[in-house]
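Undergrad: Just so it is clear, I am handing over run02.cif, which has mmCIF, C-alpha atoms.
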```cif
data_target
loop_
_atom_site.label_atom_id
_atom_site.label_comp_id
_atom_site.auth_asym_id
_atom_site.auth_seq_id
_atom_site.Cartn_x
_atom_site.Cartn_y
_atom_site.Cartn_z
CA MET A 188 106.18 -27.81 -65.13
CA ASP A 189 104.17 -26.76 -62.10
CA PHE A 190 101.83 -29.32 -60.50
CA ILE A 191 99.66 -27.99 -57.69
CA VAL A 192 96.96 -29.90 -55.81
CA ASP A 193 94.34 -27.74 -54.08
CA LYS A 194 92.30 -30.18 -51.99
CA GLU A 195 90.02 -27.41 -50.72
CA LYS A 196 88.99 -26.58 -54.30
CA LYS A 197 89.23 -30.28 -55.40
CA THR A 198 91.39 -29.07 -58.29
CA VAL A 199 94.77 -29.88 -59.80
CA TYR A 200 96.62 -27.09 -61.60
CA ILE A 201 99.27 -27.92 -64.19
CA ASN A 202 101.32 -25.22 -65.91
CA SER A 203 103.80 -26.13 -68.61
CA GLU A 204 105.78 -24.30 -71.28
CA PHE A 205 106.78 -25.46 -74.74
CA ALA A 206 109.24 -24.05 -77.27
CA ALA A 207 106.68 -24.13 -80.08
CA GLU A 208 104.13 -21.77 -81.59
CA ARG A 209 100.67 -21.82 -80.07
CA GLU A 210 98.94 -23.21 -83.19
CA LEU A 211 101.18 -26.29 -83.19
CA VAL A 212 100.67 -26.92 -79.46
CA TRP A 213 96.91 -26.48 -79.99
CA ASP A 214 97.01 -29.02 -82.84
CA ALA A 215 98.92 -31.47 -80.63
CA TYR A 216 96.03 -31.35 -78.13
CA THR A 217 93.18 -31.35 -80.66
CA LYS A 218 94.14 -33.65 -83.55
CA PRO A 219 94.00 -37.41 -82.95
CA GLU A 220 96.96 -38.20 -85.21
CA LEU A 221 99.13 -36.00 -82.98
CA LEU A 222 97.45 -36.85 -79.65
CA ASP A 223 98.13 -40.54 -80.16
CA ARG A 224 101.85 -39.78 -80.49
CA TRP A 225 102.17 -38.35 -76.97
CA TRP A 226 99.01 -38.69 -74.78
CA ALA A 227 100.31 -41.59 -72.68
CA PRO A 228 103.21 -42.14 -70.32
CA LYS A 229 105.79 -44.44 -71.90
CA PRO A 230 105.80 -47.39 -72.41
CA TRP A 231 102.01 -47.03 -72.74
CA ARG A 232 100.53 -45.52 -75.89
CA SER A 233 97.31 -43.77 -76.75
CA ARG A 234 94.91 -45.09 -79.39
CA THR A 235 91.96 -42.94 -80.44
CA LYS A 236 88.96 -44.94 -81.59
CA HIS A 237 87.08 -41.81 -82.67
CA MET A 238 87.26 -38.09 -82.11
CA ASN A 239 84.98 -35.22 -83.01
CA PHE A 240 86.59 -32.00 -81.76
CA GLU A 241 83.61 -29.66 -81.52
CA VAL A 242 81.34 -28.51 -78.70
CA GLY A 243 79.20 -31.55 -77.85
CA GLY A 244 81.68 -33.86 -79.58
CA ARG A 245 83.97 -36.34 -77.92
CA ARG A 246 87.15 -38.34 -78.06
CA PHE A 247 86.98 -42.03 -77.15
CA TYR A 248 90.42 -43.52 -76.65
CA ALA A 249 92.41 -46.19 -74.87
CA MET A 250 95.68 -46.15 -73.02
CA VAL A 251 97.34 -49.34 -74.22
CA SER A 252 100.10 -51.17 -72.34
CA PRO A 253 102.97 -52.93 -74.14
CA GLU A 254 101.12 -56.20 -73.40
CA GLY A 255 97.93 -54.91 -75.04
CA GLU A 256 95.99 -54.12 -71.83
CA GLU A 257 93.49 -51.30 -72.53
CA HIS A 258 92.15 -48.58 -70.22
CA TRP A 259 89.41 -46.57 -71.95
CA SER A 260 88.40 -42.93 -71.43
CA ILE A 261 85.98 -40.42 -72.90
CA GLN A 262 86.55 -36.70 -73.30
CA LYS A 263 83.31 -34.77 -73.95
CA TYR A 264 84.03 -31.26 -75.27
CA THR A 265 81.97 -28.58 -73.53
CA SER A 266 83.60 -25.35 -74.77
CA ILE A 267 86.06 -24.44 -77.53
CA THR A 268 87.64 -21.06 -78.25
CA PRO A 269 89.98 -21.86 -81.16
CA VAL A 270 93.69 -21.77 -80.42
CA SER A 271 93.24 -20.30 -76.92
CA ASN A 272 91.01 -22.50 -74.73
CA PHE A 273 88.94 -25.65 -74.59
CA LYS A 274 87.13 -27.53 -71.87
CA PHE A 275 86.03 -31.12 -71.54
CA LEU A 276 84.63 -33.65 -69.14
CA ASN A 277 87.01 -36.59 -68.82
CA ALA A 278 85.76 -39.94 -67.50
CA PHE A 279 87.08 -43.47 -67.44
CA ALA A 280 84.95 -45.86 -69.49
CA ASP A 281 84.61 -49.45 -70.54
CA LYS A 282 85.39 -50.68 -74.06
CA ASP A 283 81.74 -50.12 -75.03
CA GLU A 284 81.96 -46.41 -74.18
CA ASN A 285 79.98 -46.58 -70.94
CA PRO A 286 81.45 -43.88 -68.68
CA ASP A 287 82.51 -44.48 -65.09
CA LEU A 288 81.15 -41.29 -63.54
CA PRO A 289 81.88 -38.95 -61.94
CA GLY A 290 84.60 -37.63 -64.15
CA SER A 291 86.73 -34.51 -63.95
CA ASP A 292 86.34 -31.15 -65.67
CA TRP A 293 89.41 -30.03 -67.59
CA ASP A 294 90.02 -26.40 -68.61
CA LEU A 295 93.04 -25.74 -70.86
CA ASP A 296 94.42 -22.29 -71.74
CA PHE A 297 97.01 -21.80 -74.50
CA ILE A 298 99.03 -18.61 -74.11
CA GLU A 299 101.70 -17.25 -76.46
CA GLN A 300 104.75 -16.34 -74.42
CA ASP A 301 108.29 -15.36 -75.45
CA GLY A 302 108.12 -17.18 -78.79
CA GLY A 303 106.72 -20.31 -77.16
CA THR A 304 103.47 -21.47 -75.63
CA LYS A 305 102.35 -21.80 -72.05
CA VAL A 306 99.57 -24.29 -71.33
CA ASN A 307 97.66 -23.83 -68.09
CA ILE A 308 95.39 -26.72 -67.14
CA SER A 309 92.94 -26.90 -64.26
CA ILE A 310 91.26 -30.20 -63.46
CA TYR A 311 88.25 -29.97 -61.17
CA ASN A 312 86.82 -33.06 -59.46
CA ASP A 313 83.31 -33.23 -58.00
CA SER A 314 84.62 -35.00 -54.93
CA LEU A 315 87.75 -34.97 -52.84
CA GLU A 316 87.64 -38.77 -52.96
CA ARG A 317 87.98 -38.75 -56.77
CA LEU A 318 90.81 -36.22 -56.61
CA GLU A 319 92.67 -38.33 -54.07
CA ARG A 320 92.07 -41.49 -56.13
CA MET A 321 93.50 -39.74 -59.20
CA ILE A 322 96.61 -38.72 -57.24
CA GLU A 323 97.02 -42.20 -55.72
CA MET A 324 96.89 -43.73 -59.21
CA GLY A 325 100.11 -41.85 -60.05
CA PHE A 326 98.57 -38.98 -62.00
CA LYS A 327 101.42 -36.56 -61.27
CA GLU A 328 104.05 -39.02 -62.49
CA GLY A 329 101.97 -39.97 -65.52
CA ILE A 330 101.19 -36.42 -66.63
CA THR A 331 104.83 -35.41 -66.10
CA MET A 332 106.00 -38.19 -68.43
CA THR A 333 103.19 -37.45 -70.88
CA LEU A 334 104.00 -33.74 -71.11
CA LYS A 335 107.67 -34.64 -71.62
CA GLU A 336 106.54 -36.75 -74.60
CA LEU A 337 104.64 -33.72 -75.93
CA GLY A 338 107.80 -31.61 -75.67
CA ASN A 339 109.74 -34.30 -77.54
CA LEU A 340 107.08 -34.47 -80.25
CA LEU A 341 107.04 -30.69 -80.70
CA GLU A 342 110.83 -30.68 -81.02
CA THR A 343 110.68 -33.50 -83.61
CA ILE A 344 108.10 -31.58 -85.65
CA ARG A 345 110.23 -28.40 -85.44
CA GLN A 346 113.29 -30.30 -86.67
CA GLU A 347 111.28 -31.88 -89.50
CA LYS A 348 110.05 -28.44 -90.61
CA GLU A 349 113.58 -27.03 -90.53
CA SER A 350 114.94 -29.88 -92.62
CA GLY A 351 112.07 -29.59 -95.10
CA LYS A 352 110.46 -32.98 -94.44
#
```
I'd like the structure from this file rewritten - as structure tokens, please.
TA:
Amino acid sequence: MDFIVDKEKKTVYINSEFAAERELVWDAYTKPELLDRWWAPKPWRSRTKHMNFEVGGRRFYAMVSPEGEEHWSIQKYTSITPVSNFKFLNAFADKDENPDLPGSDWDLDFIEQDGGTKVNISIYNDSLERLERMIEMGFKEGITMTLKELGNLLETIRQEKESGK
């Protein structure tokens, strides 16, 4: 995984590769039943309250600690090109779905490569202050653990398919 912070552009770039076909990786990012299995650094877990994956739709979810502490976020989908790219505005929120703006603009590309899938993510922040706050909160460590969970999930699904489950 590559993790690059460009303070001049107020953007974080994350490039990762997975040994899975692009459609499966796409599904892992776009279906709540799969997202909730990996979209949180352990021991936290993700819990989607609702998700409507279409332009103008949104995902409202919580990161939940082992003790039950909840940190809510909203992803508002702004562009979707099936199986190759989607974009969303991500913002922290309260439990009543009131966003804590500004948020960050995510742009995800899914590229078939050597029998696997490369995911390139750029995360643009309106302010350098927000970018620095995100980094100070441990974003690099959290996303590294989270993407490792995605790799584990994809491997589990591959093994289940091979064994006929």
Undergrad: Using all atoms listed in the file, can you list as a list in words the residues within 12 Å of (104.3, -31.2, -61.3)?
TA: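 So the residues meeting the distance criterion are Met188, Asp189, Phe190, Ile191, Val192, Val199, Tyr200, Ile201, Asn202, Ser203, Ile308, Ile322, Gly325, Phe326, Lys327, Glu328, Gly329, Ile330, Thr331, Met332, Thr333, Leu334 and Lys335 of chain A.
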Undergrad: Can you list, as a list in words, every protein, DNA or RNA residue that comes within 8 Å of Asp223 (chain A) when you count all atoms listed in the file, leaving out same-chain residues fewer than 2 positions away?
TA: Pro219, Glu220, Leu221, Trp225, Trp226, Ala227, Arg232, Ser233, Arg234 and Thr235 of chain A
Undergrad: Around (100.2, -31.2, -85.5), as given in the file, which residues come within 12 Å? Count all atoms listed in the file and list them as a list of chain:residue names.
TA: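 Output: A:Ala207, A:Glu208, A:Arg209, A:Glu210, A:Leu211, A:Val212, A:Trp213, A:Asp214, A:Ala215, A:Tyr216, A:Thr217, A:Lys218, A:Pro219, A:Glu220, A:Leu221, A:Leu222, A:Asp223, A:Arg224, A:Trp225, A:Leu337, A:Leu340, A:Leu341, A:Glu342, A:Thr343, A:Ile344, A:Arg345, A:Glu347, A:Lys348.
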Undergrad: Please produce a file of the residues just selected, as a PDB file, in the coordinates of the input, where the atoms kept are C-alpha atoms.
TA:
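Just written: selection37.pdb:
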```
ATOM      1  CA  ALA A 207     106.680 -24.130 -80.080  1.00  0.00           C
ATOM      2  CA  GLU A 208     104.130 -21.770 -81.590  1.00  0.00           C
ATOM      3  CA  ARG A 209     100.670 -21.820 -80.070  1.00  0.00           C
ATOM      4  CA  GLU A 210      98.940 -23.210 -83.190  1.00  0.00           C
ATOM      5  CA  LEU A 211     101.180 -26.290 -83.190  1.00  0.00           C
ATOM      6  CA  VAL A 212     100.670 -26.920 -79.460  1.00  0.00           C
ATOM      7  CA  TRP A 213      96.910 -26.480 -79.990  1.00  0.00           C
ATOM      8  CA  ASP A 214      97.010 -29.020 -82.840  1.00  0.00           C
ATOM      9  CA  ALA A 215      98.920 -31.470 -80.630  1.00  0.00           C
ATOM     10  CA  TYR A 216      96.030 -31.350 -78.130  1.00  0.00           C
ATOM     11  CA  THR A 217      93.180 -31.350 -80.660  1.00  0.00           C
ATOM     12  CA  LYS A 218      94.140 -33.650 -83.550  1.00  0.00           C
ATOM     13  CA  PRO A 219      94.000 -37.410 -82.950  1.00  0.00           C
ATOM     14  CA  GLU A 220      96.960 -38.200 -85.210  1.00  0.00           C
ATOM     15  CA  LEU A 221      99.130 -36.000 -82.980  1.00  0.00           C
ATOM     16  CA  LEU A 222      97.450 -36.850 -79.650  1.00  0.00           C
ATOM     17  CA  ASP A 223      98.130 -40.540 -80.160  1.00  0.00           C
ATOM     18  CA  ARG A 224     101.850 -39.780 -80.490  1.00  0.00           C
ATOM     19  CA  TRP A 225     102.170 -38.350 -76.970  1.00  0.00           C
ATOM     20  CA  LEU A 337     104.640 -33.720 -75.930  1.00  0.00           C
ATOM     21  CA  LEU A 340     107.080 -34.470 -80.250  1.00  0.00           C
ATOM     22  CA  LEU A 341     107.040 -30.690 -80.700  1.00  0.00           C
ATOM     23  CA  GLU A 342     110.830 -30.680 -81.020  1.00  0.00           C
ATOM     24  CA  THR A 343     110.680 -33.500 -83.610  1.00  0.00           C
ATOM     25  CA  ILE A 344     108.100 -31.580 -85.650  1.00  0.00           C
ATOM     26  CA  ARG A 345     110.230 -28.400 -85.440  1.00  0.00           C
ATOM     27  CA  GLU A 347     111.280 -31.880 -89.500  1.00  0.00           C
ATOM     28  CA  LYS A 348     110.050 -28.440 -90.610  1.00  0.00           C
TER      29      LYS A 348
END
```
Undergrad: Which residue is closest to Trp293 (chain A)? Choose from A:Met324, A:Phe279, A:Thr198, A:Leu318 and count all atoms listed in the file.
TA: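 For Trp293 (chain A), the nearest of the given residues is A:Thr198.
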Undergrad: May I ask for the distance between CA of Val251 (chain A) and CA of Trp231 (chain A), given in Å to one decimal place?
TA: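 Answer for the CA of Val251 (chain A) to CA of Trp231 (chain A) separation: 5.4 Å.
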Undergrad: Just the number, please: distance in Å from CA of Ala280 (chain A) to CA of Gly243 (chain A), one decimal.
TA: 17.5 Å
Undergrad: Report, in Å to a single decimal, how far apart CA of Glu204 (chain A) and CA of Asn339 (chain A) are.
TA: 12.4 Å
Undergrad: Please write as a list in words the full residue list that the PyMOL selection byres ((chain A and resi 296) around 10) yields on this file.
TA: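 Selected by the PyMOL selection byres ((chain A and resi 296) around 10) here: Asn202, Trp213, Thr268, Val270, Ser271, Asn272, Phe273, Lys274, Asp294, Leu295, Phe297, Ile298, Thr304, Lys305, Val306, Asn307, Ile308 and Ser309 of chain A.
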Undergrad: Set the distance at 10 Å and use only C-alpha atoms: which residues neighbour Lys194 (chain A) once local chain neighbours fewer than 5 positions away are removed? I'd like the list as a list of chain:residue names.
TA: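 Surrounding residues, per the criterion: A:Val199, A:Asn312, A:Ser314, A:Leu315, A:Glu316, A:Leu318, A:Glu319.
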